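start-v9.csv follows (CSV, C-alpha atoms):
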chain,number,residue,atom,x,y,z
X,1429,MET,CA,-7.4,-23.6,4.4
X,1430,LYS,CA,-6.7,-20.6,2.1
X,1431,ALA,CA,-5.8,-17.0,2.5
X,1432,LEU,CA,-7.3,-14.1,0.6
X,1433,VAL,CA,-5.3,-10.9,0.5
X,1434,LEU,CA,-6.9,-7.7,-0.6
X,1435,SER,CA,-4.5,-5.5,-2.7
X,1436,GLY,CA,-6.9,-3.7,-5.0
X,1437,GLY,CA,-7.6,-0.4,-3.4
X,1438,SER,CA,-6.5,2.9,-4.8
X,1439,GLY,CA,-4.9,4.3,-1.6
X,1440,THR,CA,-6.5,7.8,-1.8
X,1441,ARG,CA,-5.4,8.7,1.8
X,1442,LEU,CA,-1.7,8.1,0.9
X,1443,ARG,CA,-1.7,10.4,-2.2
X,1444,PRO,CA,0.5,11.6,-3.8
X,1445,LEU,CA,2.6,8.5,-3.1
X,1446,THR,CA,-0.1,6.2,-4.4
X,1447,HIS,CA,-0.6,8.1,-7.7
X,1448,THR,CA,2.2,6.0,-9.1
X,1449,SER,CA,2.5,3.1,-6.7
X,1450,ALA,CA,0.3,0.5,-4.9
X,1451,LYS,CA,-0.4,1.5,-1.3
X,1452,GLN,CA,0.4,-2.1,-0.2
X,1453,LEU,CA,4.0,-1.6,-1.5
X,1454,VAL,CA,4.9,1.5,0.4
X,1455,PRO,CA,7.7,0.3,2.7
X,1456,VAL,CA,8.3,0.5,6.4
X,1457,ALA,CA,11.8,-0.3,7.6
X,1458,ASN,CA,12.6,-0.7,3.9
X,1459,LYS,CA,10.1,-3.5,3.3
X,1460,PRO,CA,6.6,-3.2,1.7
X,1461,ILE,CA,3.7,-3.7,4.1
X,1462,LEU,CA,2.4,-6.5,1.8
X,1463,TYR,CA,5.5,-8.5,2.5
X,1464,TYR,CA,4.8,-8.5,6.2
X,1465,VAL,CA,1.3,-9.7,5.4
X,1466,LEU,CA,2.5,-12.6,3.3
X,1467,GLU,CA,5.2,-13.6,5.8
X,1468,GLY,CA,2.5,-13.6,8.6
X,1469,ILE,CA,0.3,-15.9,6.5
X,1470,ALA,CA,3.2,-18.3,5.7
X,1471,GLU,CA,3.9,-18.6,9.4
X,1472,THR,CA,0.5,-20.1,9.9
X,1473,GLY,CA,1.2,-23.0,7.5
X,1474,ILE,CA,-1.3,-21.7,4.9
X,1475,GLN,CA,0.2,-22.1,1.4
X,1476,ASP,CA,-2.6,-21.2,-1.0
X,1477,VAL,CA,-2.9,-17.4,-1.2
X,1478,GLY,CA,-5.2,-15.5,-3.5
X,1479,ILE,CA,-4.4,-11.8,-4.0
X,1480,ILE,CA,-7.2,-9.5,-5.1
X,1481,VAL,CA,-5.7,-7.0,-7.5
X,1482,GLY,CA,-7.0,-3.9,-9.3
X,1483,GLU,CA,-5.4,-1.1,-11.4
X,1484,THR,CA,-2.0,-1.7,-9.7
X,1485,ALA,CA,-2.0,-5.4,-10.6
X,1486,GLY,CA,1.2,-5.2,-12.6
X,1487,GLU,CA,3.1,-3.7,-9.8
X,1488,ILE,CA,1.8,-6.2,-7.3
X,1489,ARG,CA,2.7,-9.1,-9.5
X,1490,GLY,CA,6.2,-7.7,-10.1
X,1491,ALA,CA,6.8,-7.4,-6.4
X,1492,VAL,CA,5.3,-10.7,-5.2
X,1493,GLY,CA,5.8,-13.0,-8.2
X,1494,ASP,CA,4.5,-16.5,-7.6
X,1495,GLY,CA,4.9,-16.2,-3.8
X,1496,SER,CA,7.7,-18.8,-3.5
X,1497,ARG,CA,10.1,-16.3,-1.8
X,1498,PHE,CA,7.5,-16.1,1.0
X,1499,GLY,CA,6.8,-19.9,1.1
X,1500,VAL,CA,3.3,-19.6,-0.4
X,1501,ASP,CA,1.7,-20.3,-3.8
X,1502,VAL,CA,0.0,-17.1,-5.1
X,1503,THR,CA,-3.0,-16.8,-7.5
X,1504,TYR,CA,-4.0,-13.4,-8.7
X,1505,ILE,CA,-7.7,-12.5,-8.8
X,1506,PRO,CA,-8.7,-9.4,-10.8
X,1507,GLN,CA,-11.3,-7.1,-9.4
X,1508,GLU,CA,-12.6,-4.5,-11.8
X,1509,ARG,CA,-13.5,-2.0,-9.1
X,1510,PRO,CA,-13.1,-2.0,-5.3
X,1511,LEU,CA,-16.8,-2.2,-4.3
X,1512,GLY,CA,-16.3,-3.4,-0.7
X,1513,LEU,CA,-14.7,-6.2,1.2
X,1514,ALA,CA,-17.7,-8.5,0.8
X,1515,HIS,CA,-17.5,-7.8,-2.9
X,1516,ALA,CA,-13.9,-9.0,-2.9
X,1517,VAL,CA,-15.1,-12.3,-1.3
X,1518,GLY,CA,-17.7,-12.7,-4.0
X,1519,THR,CA,-15.0,-12.0,-6.7
X,1520,ALA,CA,-12.9,-14.8,-5.3
X,1521,ARG,CA,-15.8,-17.2,-4.9
X,1522,ASP,CA,-14.6,-19.7,-7.6
X,1523,TRP,CA,-11.1,-19.8,-6.3
X,1524,LEU,CA,-12.1,-20.2,-2.6
X,1525,GLY,CA,-14.4,-23.1,-3.4
X,1526,ASP,CA,-15.7,-24.8,-0.2
X,1527,ASP,CA,-12.5,-24.1,1.8
X,1528,ASP,CA,-12.2,-22.2,5.0
X,1529,PHE,CA,-10.1,-19.0,4.6
X,1530,VAL,CA,-8.6,-16.0,6.3
X,1531,MET,CA,-9.1,-12.6,4.6
X,1532,TYR,CA,-6.3,-10.2,5.3
X,1533,LEU,CA,-6.3,-6.5,4.1
X,1534,GLY,CA,-3.0,-5.9,2.4
X,1535,ASP,CA,-2.4,-2.5,3.9
X,1536,ASN,CA,-2.8,-3.6,7.5
X,1537,PHE,CA,0.2,-4.2,9.8
X,1538,LEU,CA,-0.2,-6.6,12.7
X,1539,LEU,CA,2.9,-7.1,14.9
X,1540,GLY,CA,3.0,-10.7,16.1
X,1541,GLY,CA,1.3,-12.3,13.1
X,1542,ILE,CA,-1.9,-14.3,13.1
X,1543,THR,CA,-0.8,-17.8,14.0
X,1544,GLU,CA,-2.5,-18.0,17.3
X,1545,GLN,CA,-5.8,-16.8,15.9
X,1546,THR,CA,-5.5,-19.2,13.0
X,1547,GLU,CA,-5.0,-22.1,15.3
X,1548,ARG,CA,-8.0,-21.1,17.4
X,1549,PHE,CA,-10.2,-20.9,14.2
X,1550,ARG,CA,-9.0,-24.3,13.0
X,1551,ALA,CA,-9.8,-25.8,16.4
X,1552,THR,CA,-13.3,-24.4,16.9
X,1553,ARG,CA,-14.5,-23.4,13.3
X,1554,PRO,CA,-17.1,-20.7,14.1
X,1555,ASP,CA,-18.9,-19.5,11.0
X,1556,ALA,CA,-16.9,-16.3,11.3
X,1557,GLN,CA,-14.1,-15.1,13.6
X,1558,ILE,CA,-13.0,-11.5,13.8
X,1559,MET,CA,-10.1,-9.7,15.5
X,1560,LEU,CA,-10.8,-6.6,17.5
X,1561,THR,CA,-8.8,-3.9,19.1
X,1562,ARG,CA,-9.7,-1.0,21.4
X,1563,VAL,CA,-9.3,2.5,19.8
X,1564,PRO,CA,-9.8,6.0,21.2
X,1565,ASP,CA,-12.0,7.0,18.3
X,1566,PRO,CA,-13.9,4.1,16.7
X,1567,ARG,CA,-15.9,6.3,14.3
X,1568,ALA,CA,-13.4,5.6,11.5
X,1569,PHE,CA,-13.7,1.8,11.7
X,1570,GLY,CA,-16.1,-1.0,11.7
X,1571,VAL,CA,-17.3,-1.4,15.3
X,1572,ALA,CA,-18.4,-4.5,17.2
X,1573,GLU,CA,-20.5,-5.2,20.2
X,1574,THR,CA,-19.7,-8.4,22.1
X,1575,ASP,CA,-21.4,-10.3,25.0
X,1576,ALA,CA,-19.6,-11.6,28.1
X,1577,ALA,CA,-18.4,-14.7,26.3
X,1578,GLY,CA,-16.8,-12.8,23.5
X,1579,ARG,CA,-19.5,-13.6,20.9
X,1580,VAL,CA,-20.3,-10.8,18.5
X,1581,VAL,CA,-23.9,-9.5,18.9
X,1582,GLY,CA,-23.8,-6.5,16.6
X,1583,LEU,CA,-21.6,-4.7,14.0
X,1584,GLU,CA,-21.7,-1.2,12.5
X,1585,GLU,CA,-19.5,0.4,9.7
X,1586,LYS,CA,-18.1,3.7,10.7
X,1587,PRO,CA,-20.9,4.7,13.1
X,1588,GLU,CA,-21.5,8.3,14.1
X,1589,PHE,CA,-22.3,7.1,17.6
X,1590,PRO,CA,-20.3,3.9,18.3
X,1591,LYS,CA,-21.7,1.4,20.8
X,1592,SER,CA,-18.3,0.3,21.9
X,1593,ASP,CA,-14.6,1.1,21.4
X,1594,LEU,CA,-13.9,-2.2,19.7
X,1595,ALA,CA,-12.7,-1.7,16.1
X,1596,LEU,CA,-12.4,-4.4,13.6
X,1597,VAL,CA,-8.8,-5.3,12.7
X,1598,GLY,CA,-8.4,-6.1,9.0
X,1599,VAL,CA,-8.2,-9.8,9.4
X,1600,TYR,CA,-11.3,-12.1,9.2
X,1601,PHE,CA,-11.7,-15.9,9.3
X,1602,PHE,CA,-14.6,-17.6,7.5
X,1603,THR,CA,-16.1,-21.0,6.8
X,1604,PRO,CA,-17.9,-21.4,3.4
X,1605,ALA,CA,-21.1,-20.1,5.2
X,1606,VAL,CA,-19.9,-16.6,4.4
X,1607,HIS,CA,-20.8,-17.1,0.7
X,1608,GLU,CA,-24.5,-17.3,1.4
X,1609,ALA,CA,-24.2,-14.2,3.5
X,1610,VAL,CA,-22.4,-12.3,0.7
X,1611,GLY,CA,-25.2,-13.3,-1.7
X,1612,SER,CA,-27.8,-12.0,0.7
X,1613,VAL,CA,-26.6,-8.5,1.6
X,1614,ARG,CA,-27.2,-5.4,-0.5
X,1615,PRO,CA,-24.9,-2.4,-1.1
X,1616,SER,CA,-24.7,0.1,1.7
X,1617,ALA,CA,-25.4,3.8,1.3
X,1618,ARG,CA,-21.8,4.4,0.0
X,1619,GLY,CA,-22.4,1.8,-2.7
X,1620,GLU,CA,-20.3,-1.0,-1.3
X,1621,LEU,CA,-21.0,-4.6,-0.1
X,1622,GLU,CA,-19.8,-4.2,3.5
X,1623,ILE,CA,-18.2,-7.0,5.4
X,1624,THR,CA,-19.8,-5.7,8.5
X,1625,ASP,CA,-23.3,-6.2,6.9
X,1626,THR,CA,-22.2,-9.7,5.8
X,1627,ILE,CA,-21.1,-10.7,9.3
X,1628,GLN,CA,-24.3,-9.1,10.8
X,1629,TRP,CA,-26.3,-11.3,8.4
X,1630,LEU,CA,-24.6,-14.4,9.9
X,1631,ILE,CA,-25.4,-13.2,13.4
X,1632,ASP,CA,-29.1,-12.5,12.5
X,1633,GLU,CA,-29.3,-16.0,11.0
X,1634,GLY,CA,-28.1,-17.5,14.3
X,1635,ARG,CA,-24.7,-18.5,13.0
X,1636,ARG,CA,-21.7,-18.5,15.4
X,1637,VAL,CA,-19.5,-15.4,15.2
X,1638,GLU,CA,-16.6,-15.2,17.7
X,1639,SER,CA,-14.0,-12.6,18.4
X,1640,SER,CA,-10.6,-12.1,20.0
X,1641,ILE,CA,-9.0,-8.9,21.3
X,1642,VAL,CA,-5.7,-8.0,19.8
X,1643,THR,CA,-3.1,-6.8,22.3
X,1644,ASP,CA,-0.2,-6.7,19.9
X,1645,TYR,CA,0.5,-3.6,17.9
X,1646,TRP,CA,-1.9,-3.1,15.0
X,1647,LYS,CA,-2.2,-0.3,12.5
X,1648,ASP,CA,-4.2,0.4,9.3
X,1649,THR,CA,-1.5,2.2,7.3
X,1650,GLY,CA,-4.0,4.5,5.6
X,1651,ASN,CA,-2.0,7.7,5.8
X,1652,ALA,CA,1.5,9.1,6.1
X,1653,THR,CA,1.2,9.6,9.9
X,1654,ASP,CA,0.3,5.9,10.3
X,1655,MET,CA,3.2,4.9,8.0
X,1656,LEU,CA,5.6,6.8,10.2
X,1657,GLU,CA,4.3,5.2,13.3
X,1658,VAL,CA,4.5,1.7,11.9
X,1659,ASN,CA,8.0,2.4,10.7
X,1660,ARG,CA,8.9,3.5,14.3
X,1661,SER,CA,7.4,0.3,15.7
X,1662,VAL,CA,9.4,-2.0,13.3
X,1663,LEU,CA,12.6,-0.1,13.7
X,1664,ASP,CA,12.3,-0.4,17.5
X,1665,ARG,CA,13.0,-4.1,17.0
X,1666,LEU,CA,16.1,-3.8,14.8
X,1667,GLU,CA,19.4,-5.5,15.7
X,1668,HIS,CA,22.6,-3.7,15.0
X,1669,ARG,CA,24.1,-4.9,11.7
X,1670,VAL,CA,26.7,-3.3,9.4
X,1671,GLU,CA,27.4,-4.9,6.0
X,1672,GLY,CA,28.1,-1.8,4.0
X,1673,SER,CA,31.1,0.5,4.4
X,1674,VAL,CA,31.4,3.1,7.2
X,1675,ASP,CA,34.5,5.3,7.2
X,1676,GLU,CA,36.5,6.1,10.3
X,1677,ARG,CA,35.1,9.7,10.4
X,1678,SER,CA,31.6,8.4,10.8
X,1679,GLU,CA,29.8,7.4,14.0
X,1680,LEU,CA,27.0,4.9,14.5
X,1681,VAL,CA,25.0,5.1,17.7
X,1682,GLY,CA,22.6,2.4,18.9
X,1683,ARG,CA,20.8,0.0,16.7
X,1684,VAL,CA,21.8,0.9,13.1
X,1685,VAL,CA,21.6,-1.3,10.0
X,1686,VAL,CA,23.8,-0.5,7.1
X,1687,GLU,CA,22.9,-2.8,4.2
X,1688,PRO,CA,25.3,-4.3,1.7
X,1689,GLY,CA,26.6,-1.8,-0.8
X,1690,ALA,CA,25.6,1.2,1.3
X,1691,ARG,CA,28.3,3.9,2.1
X,1692,VAL,CA,28.4,6.1,5.2
X,1693,VAL,CA,31.0,8.9,4.9
X,1694,ARG,CA,31.7,11.7,7.5
X,1695,SER,CA,28.2,11.1,9.0
X,1696,ARG,CA,26.5,10.4,12.3
X,1697,ILE,CA,23.7,7.9,12.4
X,1698,VAL,CA,21.7,7.5,15.6
X,1699,GLY,CA,19.5,4.4,15.7
X,1700,PRO,CA,17.1,2.8,15.4
X,1701,ALA,CA,17.7,3.5,11.7
X,1702,ILE,CA,18.3,1.6,8.5
X,1703,ILE,CA,20.4,2.6,5.5
X,1704,GLY,CA,19.4,0.5,2.4
X,1705,ASN,CA,21.4,-1.3,-0.2
X,1706,GLY,CA,23.4,1.0,-2.4
X,1707,ALA,CA,22.5,4.1,-0.5
X,1708,ARG,CA,25.0,6.9,0.2
X,1709,VAL,CA,25.0,9.0,3.3
X,1710,GLU,CA,27.7,11.7,3.3
X,1711,GLY,CA,28.4,14.6,5.5
X,1712,SER,CA,25.0,14.1,7.1
X,1713,TYR,CA,23.0,13.3,10.2
X,1714,VAL,CA,20.4,10.5,10.2
X,1715,GLY,CA,18.4,10.5,13.4
X,1716,PRO,CA,16.2,7.9,15.1
X,1717,TYR,CA,13.3,6.2,13.4
X,1718,THR,CA,14.5,6.9,9.9
X,1719,SER,CA,14.5,4.4,7.0
X,1720,VAL,CA,16.6,5.3,4.0
X,1721,ALA,CA,15.8,2.9,1.2
X,1722,ASP,CA,17.9,1.4,-1.5
X,1723,ASP,CA,20.0,3.6,-3.9
X,1724,CYS,CA,19.1,6.8,-2.0
X,1725,SER,CA,21.5,9.7,-1.5
X,1726,VAL,CA,21.6,11.9,1.6
X,1727,VAL,CA,24.4,14.5,1.4
X,1728,ASP,CA,25.1,17.5,3.7
X,1729,SER,CA,21.7,17.2,5.3
X,1730,GLU,CA,19.8,16.2,8.5
X,1731,ILE,CA,16.8,13.9,8.6
X,1732,GLU,CA,15.0,12.3,11.5
X,1733,TYR,CA,11.8,10.2,12.0
X,1734,SER,CA,11.2,9.9,8.3
X,1735,ILE,CA,10.8,7.4,5.5
X,1736,VAL,CA,12.8,7.8,2.3
X,1737,LEU,CA,11.8,5.6,-0.6
X,1738,PRO,CA,14.2,4.2,-3.2
X,1739,ARG,CA,16.4,6.4,-5.4
X,1740,ALA,CA,15.5,9.6,-3.6
X,1741,THR,CA,18.1,12.4,-3.3
X,1742,ILE,CA,18.4,14.8,-0.4
X,1743,ALA,CA,21.2,17.3,-0.7
X,1744,GLY,CA,22.2,20.5,1.1
X,1745,VAL,CA,19.0,20.9,3.1
X,1746,GLY,CA,18.9,21.9,6.8
X,1747,ARG,CA,16.7,19.5,8.7
X,1748,ILE,CA,13.9,17.2,7.6
X,1749,GLU,CA,11.6,15.4,10.1
X,1750,ALA,CA,8.3,13.5,10.2
X,1751,SER,CA,8.4,13.2,6.4
X,1752,VAL,CA,7.7,10.6,3.8
X,1753,ILE,CA,9.9,11.2,0.7
X,1754,GLY,CA,8.7,9.3,-2.4
X,1755,ARG,CA,10.6,7.3,-5.0
X,1756,SER,CA,13.2,9.2,-7.2
X,1757,VAL,CA,12.3,12.5,-5.4
X,1758,GLU,CA,14.9,15.3,-5.4
X,1759,VAL,CA,15.1,17.6,-2.3
X,1760,THR,CA,17.7,20.3,-2.7
X,1761,GLN,CA,18.6,23.7,-1.3
X,1762,ALA,CA,16.8,26.6,-2.9
X,1763,PRO,CA,18.7,29.6,-4.2
X,1764,ARG,CA,19.2,32.3,-1.5
X,1765,THR,CA,17.9,35.1,-3.7
X,1766,PRO,CA,15.4,36.0,-4.6
X,1767,ARG,CA,13.6,35.0,-1.5
X,1768,ALA,CA,10.8,32.8,-2.9
X,1769,HIS,CA,9.4,29.3,-2.9
X,1770,ARG,CA,9.4,27.3,-6.1
X,1771,LEU,CA,7.1,24.4,-6.1
X,1772,ILE,CA,6.1,21.6,-8.5
X,1773,LEU,CA,3.5,19.6,-6.6
X,1774,GLY,CA,1.2,16.7,-7.6
X,1775,ASP,CA,-2.4,16.4,-6.7
X,1776,HIS,CA,-3.2,16.0,-3.0
X,1777,SER,CA,0.3,17.0,-1.9
X,1778,LYS,CA,0.9,18.6,1.5
X,1779,VAL,CA,3.6,21.2,2.0
X,1780,GLN,CA,4.6,23.1,5.1
X,1781,ILE,CA,6.5,26.3,4.6
X,1782,ARG,CA,8.0,28.6,7.2
X,1783,ALA,CA,7.4,32.2,6.3

Re-express the file's structure as C-alpha cells.
Amino acid sequence: MKALVLSGGSGTRLRPLTHTSAKQLVPVANKPILYYVLEGIAETGIQDVGIIVGETAGEIRGAVGDGSRFGVDVTYIPQERPLGLAHAVGTARDWLGDDDFVMYLGDNFLLGGITEQTERFRATRPDAQIMLTRVPDPRAFGVAETDAAGRVVGLEEKPEFPKSDLALVGVYFFTPAVHEAVGSVRPSARGELEITDTIQWLIDEGRRVESSIVTDYWKDTGNATDMLEVNRSVLDRLEHRVEGSVDERSELVGRVVVEPGARVVRSRIVGPAIIGNGARVEGSYVGPYTSVADDCSVVDSEIEYSIVLPRATIAGVGRIEASVIGRSVEVTQAPRTPRAHRLILGDHSKVQIRA
C-alpha cells in the first residue's frame, strides 16, 4: 500500500503568508503541518509516499528531503497546475501502479492519525473508503449522504443546500478501481476533476464505498483562524520542558517548552506555550497558546494566542493577540508624533487599526 500526499496548492486563503511559502509548511507548535501528515502516515507502516508538488516544489523538497527522517521513502510527482483532487490521482497514475493507496491532503490536520482507518481498509478493501466529520456549516466542504450501514449513497461538492452535515475529511482510501473512475469523470463547473464526482461514479457503478465518522480533532488549515485553532489544540498536549536558559528574574507558569538555545530574560511565560530554538524573549509577557519559532526576538512586548514564524522580531509593542506573524517580519513601536499609521503591506493583507 502507498500514500499520496497533495502539496501542490497555492494557499490563496492563507495569503500573504503563502506568497513566499508553501501553505503545507506553515507551522503549528513550531512544526509544519506537512510533518504531522508524514508522521501519521509512517505510523500506519506505509513506507512508499508520493508527494504531489507544484510551484513550491523546491521548498517542499528542501523541508522533507528523501523522507528518511519520518521513516518513509518519498517520491516527488510534479503537477503543472492544481486542477482538482482527482486530477492529482491521474497525475500520479504511473507511480501508483496497481497498488491500494491512501490520499492525504497536505494541509489537513487530524489529531490521532489514520492508523485505525488504514487497518480497517486493509482488512475489508472496499473500492473507496472515506472519512467524515460533522460540521455546523457543510456548504464549504464535500458533503456525503450515508445509509444506516454507513455506506455512502451520494456525494456533493460544496452544495448550496447540503443533504447532511457530514463533511469529507481530507483523507481517502482507494483500490486501483479509482483509476477507471478518474478516467470517466469530466471537469466540474469550476474546471476541476472533483474527487466527489469520482467517488460518486464508483457508487453509480455499484462499487463498494464505505465511510467512518471521525471523532478526533480535525481541521482543514485553510486560513489564519484555523491555523490558530490547530495551534491551540496541539499546544494543549505539551509537556513542560526547559532546555534553553531562563534567568532567575523570569517566571514560567504551566506547560511551557523552552527549546535548546532559547533565552528567556526578565519575562513571564504562561503556558501552554513554546519558545523555539535560538529565540530570545526579554522583558516580555508570552501568554497561553503562543508559538514563538526559531531565532525570533520578542523584546519589551506582550503576545498571546498567536503564531510567530522563524526570524521574526517583535519589539516595544503593547499587546498582540490572535495574530500570525510571518517569517522575518519586524513589528516595532511607531513614533509617537505625528499621529499617523505607516504601512507597507503585501497583497491580501489584513490589518486592524484602532482609531

Distance criterion (all atoms listed in the file): nearest to X:Val1613 out of X:Gly1518, X:Pro1455, X:Gly1744, X:Pro1590: X:Gly1518

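Using only C-alpha atoms, the smallest distance between any of X:Ala1514, X:Arg1683, X:Arg1548, X:Leu1656 and X:Val1610 comes from X:Ala1514.
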
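Once X:Gly1715 and its same-chain neighbours fewer than 4 positions away are set aside, Ile1697, Val1698, Gly1699, Ala1701, Glu1730, Ile1731, Glu1732 and Tyr1733 of chain X remain within 8 Å of it when counting all atoms listed in the file.
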
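Put simply, atom CA of X:Asp1527 is 11.9 Å away from atom CA of X:Ile1474.
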
Which residue of X:Leu1621, X:Ala1750, X:Val1433, X:Val1477 approaches X:Gly1598 most closely, using all atoms listed in the file: X:Val1433

Atomic separation - atom CA of X:Gln1452 relative to atom CA of X:Arg1489, Å: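 We find that atom CA of X:Arg1489 and atom CA of X:Gln1452 lie 11.9 Å from each other.
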
Local residues around (-1.1, 3.3, 12.2), at most 10 Å away, using all atoms listed in the file, as a list in words: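 Answer for this query, in the requested form: Asn1536, Phe1537, Leu1538, Tyr1645, Trp1646, Lys1647, Asp1648, Thr1649, Gly1650, Asn1651, Ala1652, Thr1653, Asp1654, Met1655, Leu1656, Glu1657, Val1658, Asn1659 and Ser1661 of chain X.
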